[in-house]
$ cat input03.cif   # mmCIF, C-alpha atoms and all ligand atoms
data_target
loop_
_atom_site.label_atom_id
_atom_site.label_comp_id
_atom_site.auth_asym_id
_atom_site.auth_seq_id
_atom_site.Cartn_x
_atom_site.Cartn_y
_atom_site.Cartn_z
CA MET A 57 10.48 8.27 -17.95
CA LYS A 58 8.25 5.49 -19.18
CA ILE A 59 6.87 3.75 -16.08
CA LEU A 60 4.61 0.76 -15.50
CA ILE A 61 2.47 0.96 -12.35
CA THR A 62 0.62 -2.23 -11.46
CA GLY A 63 -2.39 -1.77 -9.20
CA ALA A 64 -2.65 1.80 -10.53
CA ALA A 65 -6.40 2.13 -9.92
CA GLY A 66 -6.00 1.30 -6.24
CA PHE A 67 -5.39 3.60 -3.30
CA LEU A 68 -1.61 4.09 -3.45
CA GLY A 69 -1.36 3.41 -7.20
CA SER A 70 -3.79 6.20 -8.09
CA HIS A 71 -1.81 8.76 -6.05
CA LEU A 72 1.48 7.65 -7.64
CA SER A 73 -0.07 7.67 -11.12
CA GLU A 74 -1.29 11.22 -10.59
CA LYS A 75 2.17 12.37 -9.55
CA TYR A 76 4.00 10.88 -12.51
CA VAL A 77 1.39 11.85 -15.11
CA ASN A 78 1.41 15.43 -13.80
CA GLU A 79 5.21 15.45 -14.00
CA GLY A 80 4.92 14.55 -17.69
CA HIS A 81 6.14 10.97 -17.54
CA VAL A 82 4.42 8.26 -19.55
CA VAL A 83 2.52 5.94 -17.21
CA TYR A 84 1.28 2.49 -18.19
CA ALA A 85 -1.34 1.70 -15.58
CA LEU A 86 -2.21 -1.97 -15.23
CA ASP A 87 -5.12 -3.01 -13.01
CA ASN A 88 -7.78 -5.72 -13.12
CA LEU A 89 -10.08 -3.55 -10.94
CA MET A 90 -10.47 -6.35 -8.42
CA ASN A 91 -10.13 -3.84 -5.59
CA GLY A 92 -9.35 -0.65 -7.49
CA ASN A 93 -11.81 1.75 -9.05
CA LEU A 94 -11.73 3.78 -12.25
CA ASN A 95 -12.99 6.77 -10.29
CA ASN A 96 -9.64 6.86 -8.51
CA ILE A 97 -7.94 7.66 -11.83
CA ARG A 98 -10.77 9.31 -13.73
CA THR A 99 -8.93 12.67 -13.98
CA LEU A 100 -6.07 10.85 -15.75
CA LEU A 101 -7.96 8.66 -18.19
CA HIS A 102 -8.13 11.28 -20.95
CA LYS A 103 -4.47 12.28 -20.71
CA LYS A 104 -2.13 11.34 -23.54
CA ASN A 105 0.66 10.21 -21.21
CA PHE A 106 -1.61 7.87 -19.21
CA LYS A 107 -2.33 4.46 -20.73
CA PHE A 108 -4.78 2.38 -18.75
CA ILE A 109 -4.62 -1.38 -19.32
CA HIS A 110 -7.52 -3.29 -17.80
CA ASP A 111 -5.81 -6.64 -17.31
CA ASP A 112 -4.36 -9.08 -14.81
CA ILE A 113 -0.72 -9.50 -13.79
CA ARG A 114 -1.29 -13.27 -13.72
CA ARG A 115 -2.13 -13.41 -17.44
CA ASP A 116 0.88 -14.24 -19.67
CA GLU A 117 -0.64 -12.41 -22.66
CA VAL A 118 -0.48 -9.06 -20.88
CA TYR A 119 3.31 -9.11 -21.06
CA ASN A 120 3.11 -9.15 -24.88
CA ILE A 121 1.32 -5.81 -24.95
CA LEU A 122 3.49 -4.00 -22.40
CA PRO A 123 6.39 -1.95 -23.80
CA ASN A 124 9.72 -3.68 -23.21
CA ASP A 125 11.75 -0.47 -22.91
CA LEU A 126 10.37 0.72 -19.58
CA ASP A 127 12.56 2.90 -17.36
CA GLY A 128 10.94 1.57 -14.23
CA ILE A 129 8.19 -0.58 -12.75
CA ILE A 130 6.27 0.13 -9.56
CA HIS A 131 4.65 -3.17 -8.67
CA LEU A 132 1.75 -2.59 -6.27
CA ALA A 133 -0.93 -4.99 -7.56
CA ALA A 134 -1.85 -7.41 -4.80
CA GLN A 135 -4.68 -8.99 -2.89
CA ILE A 136 -4.26 -6.87 0.26
CA HIS A 137 -6.95 -8.07 2.63
CA VAL A 138 -6.05 -10.25 5.59
CA ASP A 139 -9.58 -11.62 6.03
CA ARG A 140 -9.90 -12.52 2.35
CA SER A 141 -6.47 -14.23 2.47
CA ILE A 142 -7.69 -16.36 5.36
CA VAL A 143 -10.82 -17.39 3.44
CA ASN A 144 -8.93 -18.03 0.18
CA PRO A 145 -5.14 -18.34 0.67
CA ALA A 146 -4.63 -19.88 -2.79
CA GLU A 147 -6.03 -16.82 -4.54
CA THR A 148 -3.82 -14.53 -2.45
CA PHE A 149 -0.69 -16.56 -3.24
CA LYS A 150 -1.50 -16.70 -6.98
CA ILE A 151 -1.82 -12.91 -7.15
CA ASN A 152 0.84 -11.85 -4.66
CA VAL A 153 3.53 -14.46 -5.31
CA ASP A 154 2.97 -15.90 -8.83
CA GLY A 155 2.00 -12.43 -10.07
CA THR A 156 5.21 -10.94 -8.67
CA LEU A 157 7.24 -13.75 -10.25
CA LYS A 158 5.80 -12.80 -13.65
CA ILE A 159 6.74 -9.14 -13.16
CA LEU A 160 10.27 -10.17 -12.16
CA GLU A 161 10.64 -12.48 -15.17
CA PHE A 162 9.34 -9.78 -17.52
CA SER A 163 11.93 -7.39 -16.03
CA ARG A 164 14.76 -9.91 -16.25
CA ILE A 165 14.02 -10.84 -19.88
CA ASN A 166 13.72 -7.19 -20.94
CA ASP A 167 16.66 -5.95 -18.90
CA ILE A 168 14.55 -3.53 -16.83
CA ASN A 169 16.66 -2.75 -13.80
CA LYS A 170 14.53 -0.40 -11.75
CA ILE A 171 11.66 -2.23 -10.07
CA LEU A 172 9.97 -1.10 -6.88
CA TYR A 173 8.15 -3.91 -5.13
CA ALA A 174 5.44 -2.94 -2.62
CA SER A 175 6.34 -5.12 0.30
CA THR A 176 4.87 -4.18 3.68
CA SER A 177 5.57 -4.01 7.41
CA GLU A 178 3.18 -6.98 7.69
CA VAL A 179 6.15 -9.19 6.69
CA TYR A 180 7.55 -8.67 10.21
CA GLY A 181 4.52 -9.96 12.11
CA SER A 182 4.13 -8.54 15.63
CA ALA A 183 7.10 -6.58 16.95
CA GLU A 184 9.65 -8.71 18.80
CA TYR A 185 11.38 -5.41 19.50
CA ALA A 186 10.38 -1.86 18.62
CA PRO A 187 10.88 0.23 16.68
CA MET A 188 11.40 -2.47 14.03
CA ASP A 189 14.31 -2.13 11.64
CA GLU A 190 14.90 -4.11 8.44
CA ARG A 191 16.76 -6.84 10.37
CA HIS A 192 13.65 -7.70 12.38
CA PRO A 193 12.68 -11.38 11.75
CA LEU A 194 10.09 -11.92 9.02
CA SER A 195 7.51 -13.55 11.30
CA ALA A 196 4.23 -12.93 9.46
CA LYS A 197 1.51 -15.41 10.42
CA HIS A 198 -1.60 -14.80 8.31
CA PRO A 199 -1.64 -15.85 4.63
CA TYR A 200 -1.56 -12.24 3.38
CA GLY A 201 1.57 -11.48 5.42
CA VAL A 202 3.25 -14.73 4.44
CA SER A 203 2.48 -14.16 0.74
CA LYS A 204 4.17 -10.76 1.03
CA VAL A 205 7.19 -12.40 2.74
CA ALA A 206 7.41 -14.90 -0.13
CA ALA A 207 7.29 -12.17 -2.79
CA ASP A 208 9.68 -9.95 -0.80
CA ARG A 209 12.24 -12.78 -0.64
CA LEU A 210 11.64 -13.63 -4.31
CA CYS A 211 12.62 -10.06 -5.20
CA TYR A 212 15.74 -10.40 -3.05
CA SER A 213 16.57 -13.65 -4.81
CA TYR A 214 16.35 -11.89 -8.20
CA ASN A 215 18.69 -9.20 -6.89
CA GLU A 216 21.21 -11.73 -5.66
CA THR A 217 20.91 -14.20 -8.54
CA TYR A 218 20.48 -11.88 -11.53
CA ASP A 219 21.57 -8.53 -10.04
CA LEU A 220 18.18 -7.21 -11.13
CA GLY A 221 17.84 -3.95 -9.17
CA VAL A 222 14.60 -4.48 -7.28
CA ASP A 223 13.89 -2.13 -4.38
CA ILE A 224 11.83 -3.85 -1.71
CA VAL A 225 9.75 -1.03 -0.21
CA ARG A 226 8.29 -1.85 3.22
CA CYS A 227 5.77 0.84 4.07
CA PHE A 228 4.02 0.60 7.43
CA ASN A 229 0.28 1.41 7.51
CA LEU A 230 -0.90 4.06 5.09
CA PHE A 231 -3.95 6.30 5.15
CA GLY A 232 -5.41 9.02 2.95
CA PRO A 233 -8.15 9.95 0.49
CA LYS A 234 -9.33 7.21 -1.90
CA GLN A 235 -8.62 4.42 0.56
CA LYS A 236 -11.59 2.08 0.74
CA ASP A 237 -13.85 2.72 3.67
CA ASN A 238 -16.27 -0.16 3.72
CA GLY A 239 -16.12 -3.94 3.57
CA TYR A 240 -12.47 -4.83 3.06
CA GLY A 241 -11.09 -1.39 3.85
CA GLY A 242 -8.45 0.19 6.06
CA VAL A 243 -9.35 0.83 9.68
CA ILE A 244 -9.17 4.63 9.38
CA GLY A 245 -11.54 4.81 6.42
CA ILE A 246 -13.96 2.40 8.07
CA PHE A 247 -13.92 4.32 11.37
CA LEU A 248 -14.34 7.67 9.62
CA ASN A 249 -17.16 6.44 7.43
CA ARG A 250 -19.03 5.15 10.47
CA VAL A 251 -18.42 8.20 12.67
CA LEU A 252 -19.50 10.61 9.89
CA GLN A 253 -22.77 8.63 9.79
CA GLY A 254 -23.12 8.90 13.58
CA LYS A 255 -22.22 5.22 14.15
CA PRO A 256 -19.60 3.94 16.63
CA PRO A 257 -16.25 2.53 15.44
CA ILE A 258 -15.95 -1.24 16.01
CA ILE A 259 -12.67 -2.26 17.62
CA TYR A 260 -11.37 -5.85 17.57
CA GLY A 261 -10.00 -6.78 21.02
CA ASP A 262 -8.95 -4.25 23.66
CA GLY A 263 -7.79 -1.69 21.08
CA GLU A 264 -4.32 -1.43 22.61
CA GLN A 265 -2.75 -2.93 19.45
CA THR A 266 -0.59 -0.28 17.77
CA ARG A 267 0.28 0.74 14.22
CA ASP A 268 2.59 3.23 12.58
CA TYR A 269 0.40 5.32 10.24
CA MET A 270 1.91 7.34 7.40
CA PHE A 271 -0.10 9.71 5.23
CA VAL A 272 -0.31 8.76 1.55
CA SER A 273 1.56 11.85 0.29
CA ASP A 274 4.55 10.79 2.40
CA ALA A 275 4.31 7.30 0.88
CA VAL A 276 4.34 8.88 -2.59
CA ASN A 277 7.49 10.80 -1.62
CA ALA A 278 9.03 7.61 -0.27
CA TYR A 279 8.41 5.69 -3.51
CA ASP A 280 9.62 8.65 -5.56
CA SER A 281 12.88 8.93 -3.62
CA VAL A 282 13.54 5.23 -4.20
CA LEU A 283 12.60 5.42 -7.89
CA LYS A 284 14.97 8.31 -8.46
CA SER A 285 17.79 6.87 -6.35
CA GLU A 286 20.76 5.33 -8.10
CA ILE A 287 21.93 3.15 -5.20
CA ASN A 288 19.26 0.42 -5.01
CA PRO A 289 18.50 1.36 -1.37
CA GLY A 290 15.84 -1.33 -0.95
CA ARG A 291 17.94 -4.20 -2.29
CA ASN A 292 17.25 -6.17 0.90
CA GLY A 293 14.26 -4.15 2.16
CA ILE A 294 13.78 -0.54 3.27
CA ASN A 295 11.23 0.68 5.84
CA PHE A 296 9.08 3.76 5.46
CA GLY A 297 6.74 4.97 8.17
CA SER A 298 6.03 7.92 10.40
CA GLY A 299 8.34 6.57 13.09
CA THR A 300 5.54 6.99 15.66
CA GLU A 301 3.21 4.47 17.23
CA ILE A 302 -0.53 4.92 17.76
CA SER A 303 -3.09 2.56 19.31
CA ILE A 304 -6.39 1.69 17.67
CA ASN A 305 -8.16 3.19 20.72
CA LYS A 306 -6.33 6.50 20.16
CA ILE A 307 -7.21 6.44 16.45
CA ALA A 308 -10.89 5.99 17.34
CA GLU A 309 -10.66 8.82 19.89
CA ILE A 310 -9.10 11.26 17.38
CA ILE A 311 -11.59 10.38 14.65
CA ILE A 312 -14.55 10.80 17.00
CA ASP A 313 -13.12 14.11 18.19
CA LYS A 314 -12.62 15.46 14.66
CA ALA A 315 -15.50 13.90 12.74
CA SER A 316 -18.49 13.44 15.02
CA LYS A 317 -20.97 16.24 15.45
CA ASN A 318 -21.21 16.11 19.26
CA GLY A 319 -18.41 13.73 20.38
CA MET A 320 -21.03 11.50 22.03
CA ILE A 321 -20.02 8.36 20.13
CA HIS A 322 -18.29 5.53 22.02
CA PRO A 323 -16.39 2.72 20.29
CA VAL A 324 -17.76 -0.83 20.49
CA HIS A 325 -15.29 -3.62 21.31
CA VAL A 326 -15.73 -7.10 19.81
CA ASP A 327 -13.59 -10.28 20.03
CA ALA A 328 -9.96 -9.96 18.92
CA ARG A 329 -8.96 -11.51 15.59
CA PRO A 330 -6.77 -14.56 16.23
CA VAL A 331 -3.82 -13.73 13.96
CA GLU A 332 -3.87 -9.97 14.19
CA VAL A 333 -0.50 -8.26 14.61
CA HIS A 334 -0.24 -6.60 18.06
CA ARG A 335 2.44 -4.03 17.50
CA LEU A 336 3.93 -2.37 14.40
CA TYR A 337 6.28 0.55 14.76
CA ALA A 338 8.89 1.57 12.19
CA ASN A 339 12.56 2.26 12.59
CA ILE A 340 13.20 4.47 9.55
CA THR A 341 16.91 5.15 10.14
CA LYS A 342 17.91 3.44 6.90
CA ALA A 343 15.53 5.59 4.81
CA LYS A 344 16.74 8.71 6.66
CA ASP A 345 20.41 7.87 6.18
CA LEU A 346 20.25 6.70 2.55
CA LEU A 347 17.53 9.00 1.18
CA GLY A 348 17.11 11.82 3.69
CA PHE A 349 13.50 10.62 4.16
CA LYS A 350 11.12 11.94 6.78
CA SER A 351 7.35 11.94 6.89
CA ASN A 352 5.84 15.42 6.89
CA THR A 353 2.14 15.01 7.64
CA SER A 354 1.06 14.36 11.24
CA PHE A 355 -1.70 11.86 11.99
CA GLU A 356 -4.12 14.60 13.04
CA ASP A 357 -3.43 16.71 9.92
CA GLY A 358 -3.90 13.63 7.73
CA ILE A 359 -7.30 12.92 9.32
CA GLU A 360 -8.36 16.52 8.66
CA ILE A 361 -7.33 16.25 5.00
CA ILE A 362 -9.43 13.09 4.62
CA ILE A 363 -12.44 14.67 6.32
CA ASP A 364 -12.12 17.63 3.95
CA TRP A 365 -11.93 15.24 1.01
CA TYR A 366 -15.08 13.45 2.21
CA LYS A 367 -16.95 16.71 2.49
CA ASN A 368 -15.79 18.32 -0.76
CA TYR A 369 -14.86 15.59 -3.24
CA LYS A 370 -16.06 12.17 -2.21
CA SER A 371 -19.41 11.60 -3.82
CA GLU A 372 -21.52 8.60 -4.61
CA LEU A 373 -19.04 8.08 -7.47
CA TRP A 374 -16.56 6.77 -4.96
CA GLU A 375 -18.97 4.24 -3.44
CA TYR A 376 -17.98 0.69 -4.29
N1 LIG A 401 -2.35 0.44 2.14
C1 LIG A 401 -1.41 0.15 3.03
O1 LIG A 401 -1.53 0.47 4.23
C2 LIG A 401 -0.16 -0.59 2.59
C3 LIG A 401 0.93 -0.66 3.47
C4 LIG A 401 2.07 -1.33 3.06
C5 LIG A 401 2.12 -1.94 1.83
N2 LIG A 401 1.04 -1.89 1.00
C6 LIG A 401 1.14 -2.54 -0.31
O2 LIG A 401 0.98 -1.53 -1.31
C7 LIG A 401 0.30 -2.08 -2.43
C8 LIG A 401 -0.91 -1.22 -2.78
O3 LIG A 401 -1.79 -1.20 -1.67
P1 LIG A 401 -3.16 -0.39 -1.70
O4 LIG A 401 -3.53 -0.10 -0.30
O5 LIG A 401 -3.09 0.70 -2.68
O6 LIG A 401 -4.16 -1.53 -2.20
P2 LIG A 401 -5.34 -1.49 -3.28
O7 LIG A 401 -6.10 -2.74 -3.15
O8 LIG A 401 -6.07 -0.20 -3.20
O9 LIG A 401 -4.50 -1.50 -4.65
C9 LIG A 401 -4.08 -2.71 -5.24
C10 LIG A 401 -4.58 -2.70 -6.66
O10 LIG A 401 -4.15 -3.91 -7.31
C11 LIG A 401 -5.18 -4.34 -8.16
N3 LIG A 401 -5.01 -5.77 -8.41
C12 LIG A 401 -5.20 -6.79 -7.52
N4 LIG A 401 -4.94 -7.96 -8.11
C13 LIG A 401 -4.56 -7.69 -9.38
C14 LIG A 401 -4.16 -8.49 -10.48
N5 LIG A 401 -4.13 -9.84 -10.37
N6 LIG A 401 -3.83 -7.90 -11.65
C15 LIG A 401 -3.89 -6.54 -11.77
N7 LIG A 401 -4.26 -5.73 -10.76
C16 LIG A 401 -4.59 -6.29 -9.58
C17 LIG A 401 -6.46 -3.99 -7.42
O11 LIG A 401 -7.59 -3.91 -8.28
C18 LIG A 401 -6.11 -2.67 -6.78
O12 LIG A 401 -6.49 -1.58 -7.61
C19 LIG A 401 -0.06 -3.52 -2.09
O13 LIG A 401 0.92 -4.37 -2.68
C20 LIG A 401 0.06 -3.56 -0.57
O14 LIG A 401 0.43 -4.85 -0.12
C21 LIG A 401 -0.10 -1.20 1.34
#
$ encode --input "input03.cif" --output "structure tokens"
Amino acid sequence: MKILITGAAGFLGSHLSEKYVNEGHVVYALDNLMNGNLNNIRTLLHKKNFKFIHDDIRRDEVYNILPNDLDGIIHLAAQIHVDRSIVNPAETFKINVDGTLKILEFSRINDINKILYASTSEVYGSAEYAPMDERHPLSAKHPYGVSKVAADRLCYSYNETYDLGVDIVRCFNLFGPKQKDNGYGGVIGIFLNRVLQGKPPIIYGDGEQTRDYMFVSDAVNAYDSVLKSEINPGRNGINFGSGTEISINKIAEIIIDKASKNGMIHPVHVDARPVEVHRLYANITKAKDLLGFKSNTSFEDGIEIIIDWYKNYKSELWEY
């Protein structure tokens, strides 16, 4: 296959790129390095079947240099940070919505009928019922979540209007090696980074908010099963997650238990964020029924894999 991966130098994109390059497919990897890092894909850069394009999905000219006979597109490039979306919603909408529109138009014009769009569980907002299936209302509140709703529905519109073949992939929270662990990073990376340095994790609010965390290798399997499916399973959204719920307090407890030298670290609680989602918990029945999907790596095992990666592979090269 000849595949375009946008956001390929980011966390999920680098893992997917590695899989498809190692399988011998030709991967066009587009990233403006706004949040990604060349170190994430440095083992691929010299490979003949990996073509890195340092460019921006918002730029019209980029679509003139992309091949128009792609077998599939995995569209991950996005501004992913809630806090940054609150500070600058216009930037987030230009990347996440206008950028997605350009990918969809490029696909429509070139008759590319296999597009995976990285939507997210954040489109649902806080759970009105749990576990949340794909019929849960799209009640996102913060600009990041709403921009993902807009792009998610835009993909659906292209399916309905042009019969395009977009799969709207709604992963719940992901974690794994190469996820950013400082500044605008995921909570697990940030907690781990602090605990490994002997510092306490900082928890917003009472810590009883919950998430459904899936290890990155399971996310790669999820995307792969959709890419290779012939039935357009995500035509109107498909959830992927572990199907289990874990509180932020519990996450802190497990990380302290596994990563601190003496277990004597205690989390620090600060004020809750006003628009933070309180509960996210995936119903993955659709993915099970249509694709036979199940996540294989437990939360605890995933944390151990990341700790091992920190100790053996993560060097100053991965500092941002
Ligand atoms: N990480 C999660 O927990 C999670 C969960 C559900 C959905 N998602 C979605 O999956 C996708 C990938 O997430 P991630 O965690 O790997 O994020 P990431 O920030 O690590 O990767 C996104 C990549 O997109 C690139 N990018 C941003 N704007 C760009 C632009 N205008 N042009 C080209 N490249 C651009 C960034 O440099 C980055 O490398 C995102 O769309 C996100 O919304 C992530």
$ axis_aligned_box --input "input03.cif" --around "ligand LIG 401 (chain A)" --padding-each-side "3 Å" --output "JSON"
{"center_x": -2.7, "center_y": -4.6, "center_z": -3.8, "size_x": 15.7, "size_y": 16.5, "size_z": 22.0}
$ residues_near_ligand --input "input03.cif" --ligand "ligand LIG 401 (chain A)" --cutoff "7 Å" --atoms "only C-alpha atoms and all ligand atoms" --output "count of residues only"
38
$ closest_residue --input "input03.cif" --among "A:Asn295, A:Val326, A:Asn368, A:Ala206" --to "Lys344 of chain A" --atoms "all atoms listed in the file"
A:Asn295
$ residues_around --input "input03.cif" --residues "Leu194 of chain A" --least-positions-apart "6" --cutoff "12 Å" --atoms "all atoms listed in the file" --output "list in words"
Ser175, Thr176, Ser177, Glu178, Val179, Tyr180, Gly181, Ser182, Ala183, Glu184, Met188, Gly201, Val202, Ser203, Lys204, Val205, Ala206, Asp208, Arg209, Arg226 and Gly293 of chain A
$ residues_near_point --input "input03.cif" --point "(5.3, 11.4, -15.9)" --cutoff "12 Å" --atoms "only C-alpha atoms" --output "compact mmCIF listing (two decimals) with C-alpha atoms, in the coordinates of the input"
# COMPACT_ATOMS: atom_id res chain seq x y z
CA MET A 57 10.48 8.27 -17.95
CA LYS A 58 8.25 5.49 -19.18
CA ILE A 59 6.87 3.75 -16.08
CA LEU A 60 4.61 0.76 -15.50
CA ILE A 61 2.47 0.96 -12.35
CA LEU A 72 1.48 7.65 -7.64
CA SER A 73 -0.07 7.67 -11.12
CA GLU A 74 -1.29 11.22 -10.59
CA LYS A 75 2.17 12.37 -9.55
CA TYR A 76 4.00 10.88 -12.51
CA VAL A 77 1.39 11.85 -15.11
CA ASN A 78 1.41 15.43 -13.80
CA GLU A 79 5.21 15.45 -14.00
CA GLY A 80 4.92 14.55 -17.69
CA HIS A 81 6.14 10.97 -17.54
CA VAL A 82 4.42 8.26 -19.55
CA VAL A 83 2.52 5.94 -17.21
CA TYR A 84 1.28 2.49 -18.19
CA ALA A 85 -1.34 1.70 -15.58
CA LEU A 100 -6.07 10.85 -15.75
CA LYS A 103 -4.47 12.28 -20.71
CA LYS A 104 -2.13 11.34 -23.54
CA ASN A 105 0.66 10.21 -21.21
CA PHE A 106 -1.61 7.87 -19.21
CA LYS A 107 -2.33 4.46 -20.73
CA ASP A 127 12.56 2.90 -17.36
CA GLY A 128 10.94 1.57 -14.23
CA ASP A 280 9.62 8.65 -5.56
$ closest_residue --input "input03.cif" --among "A:Met270, A:Leu336, A:Asp364, A:Val251" --to "Asn318 of chain A" --atoms "all atoms listed in the file"
A:Val251
$ residues_around --input "input03.cif" --residues "Phe355 of chain A" --least-positions-apart "4" --cutoff "9 Å" --atoms "all atoms listed in the file" --output "PyMOL selection string"
chain A and resi 269-271+298+307+359-360
$ closest_residue --input "input03.cif" --among "A:Leu252, A:Leu346, A:Ile259, A:Ile340" --to "Ile312 of chain A" --atoms "all atoms listed in the file"
A:Leu252
$ residues_around --input "input03.cif" --residues "Ser281 of chain A" --least-positions-apart "5" --cutoff "12 Å" --atoms "all atoms listed in the file" --output "PDB file with C-alpha atoms, keeping the file's coordinate frame"
ATOM      1  CA  LEU A 172       9.970  -1.100  -6.880  1.00  0.00           C
ATOM      2  CA  ASP A 223      13.890  -2.130  -4.380  1.00  0.00           C
ATOM      3  CA  VAL A 225       9.750  -1.030  -0.210  1.00  0.00           C
ATOM      4  CA  ASP A 274       4.550  10.790   2.400  1.00  0.00           C
ATOM      5  CA  ALA A 275       4.310   7.300   0.880  1.00  0.00           C
ATOM      6  CA  VAL A 276       4.340   8.880  -2.590  1.00  0.00           C
ATOM      7  CA  GLU A 286      20.760   5.330  -8.100  1.00  0.00           C
ATOM      8  CA  ILE A 287      21.930   3.150  -5.200  1.00  0.00           C
ATOM      9  CA  ASN A 288      19.260   0.420  -5.010  1.00  0.00           C
ATOM     10  CA  PRO A 289      18.500   1.360  -1.370  1.00  0.00           C
ATOM     11  CA  GLY A 290      15.840  -1.330  -0.950  1.00  0.00           C
ATOM     12  CA  ILE A 294      13.780  -0.540   3.270  1.00  0.00           C
ATOM     13  CA  PHE A 296       9.080   3.760   5.460  1.00  0.00           C
ATOM     14  CA  ALA A 343      15.530   5.590   4.810  1.00  0.00           C
ATOM     15  CA  LYS A 344      16.740   8.710   6.660  1.00  0.00           C
ATOM     16  CA  LEU A 346      20.250   6.700   2.550  1.00  0.00           C
ATOM     17  CA  LEU A 347      17.530   9.000   1.180  1.00  0.00           C
ATOM     18  CA  GLY A 348      17.110  11.820   3.690  1.00  0.00           C
ATOM     19  CA  PHE A 349      13.500  10.620   4.160  1.00  0.00           C
ATOM     20  CA  LYS A 350      11.120  11.940   6.780  1.00  0.00           C
TER      21      LYS A 350
END
$ atom_distance --input "input03.cif" --atom1 "atom CA of Tyr212 of chain A" --atom2 "atom CA of Asn292 of chain A"
6.0 Å
$ atom_distance --input "input03.cif" --atom1 "atom CA of Asn305 of chain A" --atom2 "atom CA of Val143 of chain A"
27.0 Å
$ atom_distance --input "input03.cif" --atom1 "atom CA of Asp167 of chain A" --atom2 "atom CA of Leu283 of chain A"
16.3 Å
$ closest_residue --input "input03.cif" --among "A:Ile361, A:Tyr369, A:Arg140, A:Asp327" --to "Lys314 of chain A" --atoms "all atoms listed in the file"
A:Ile361
$ closest_residue --input "input03.cif" --among "A:Ala328, A:Ala146, A:Val333, A:Ile363" --to "Thr266 of chain A" --atoms "all atoms listed in the file"
A:Val333
$ residues_around --input "input03.cif" --residues "Ile142 of chain A" --least-positions-apart "5" --cutoff "9 Å" --atoms "only C-alpha atoms" --output "JSON, numbers by chain"
{"A": [137, 148, 198, 199, 200]}
$ closest_residue --input "input03.cif" --among "A:Ser195, A:Ser316, A:Ser273, A:Asn166" --to "Gly254 of chain A" --atoms "all atoms listed in the file"
A:Ser316
$ residues_near_point --input "input03.cif" --point "(-17.5, 6.2, 16.8)" --cutoff "12 Å" --atoms "only C-alpha atoms" --output "ChimeraX atom specification"
/A:244,246-259,305-325
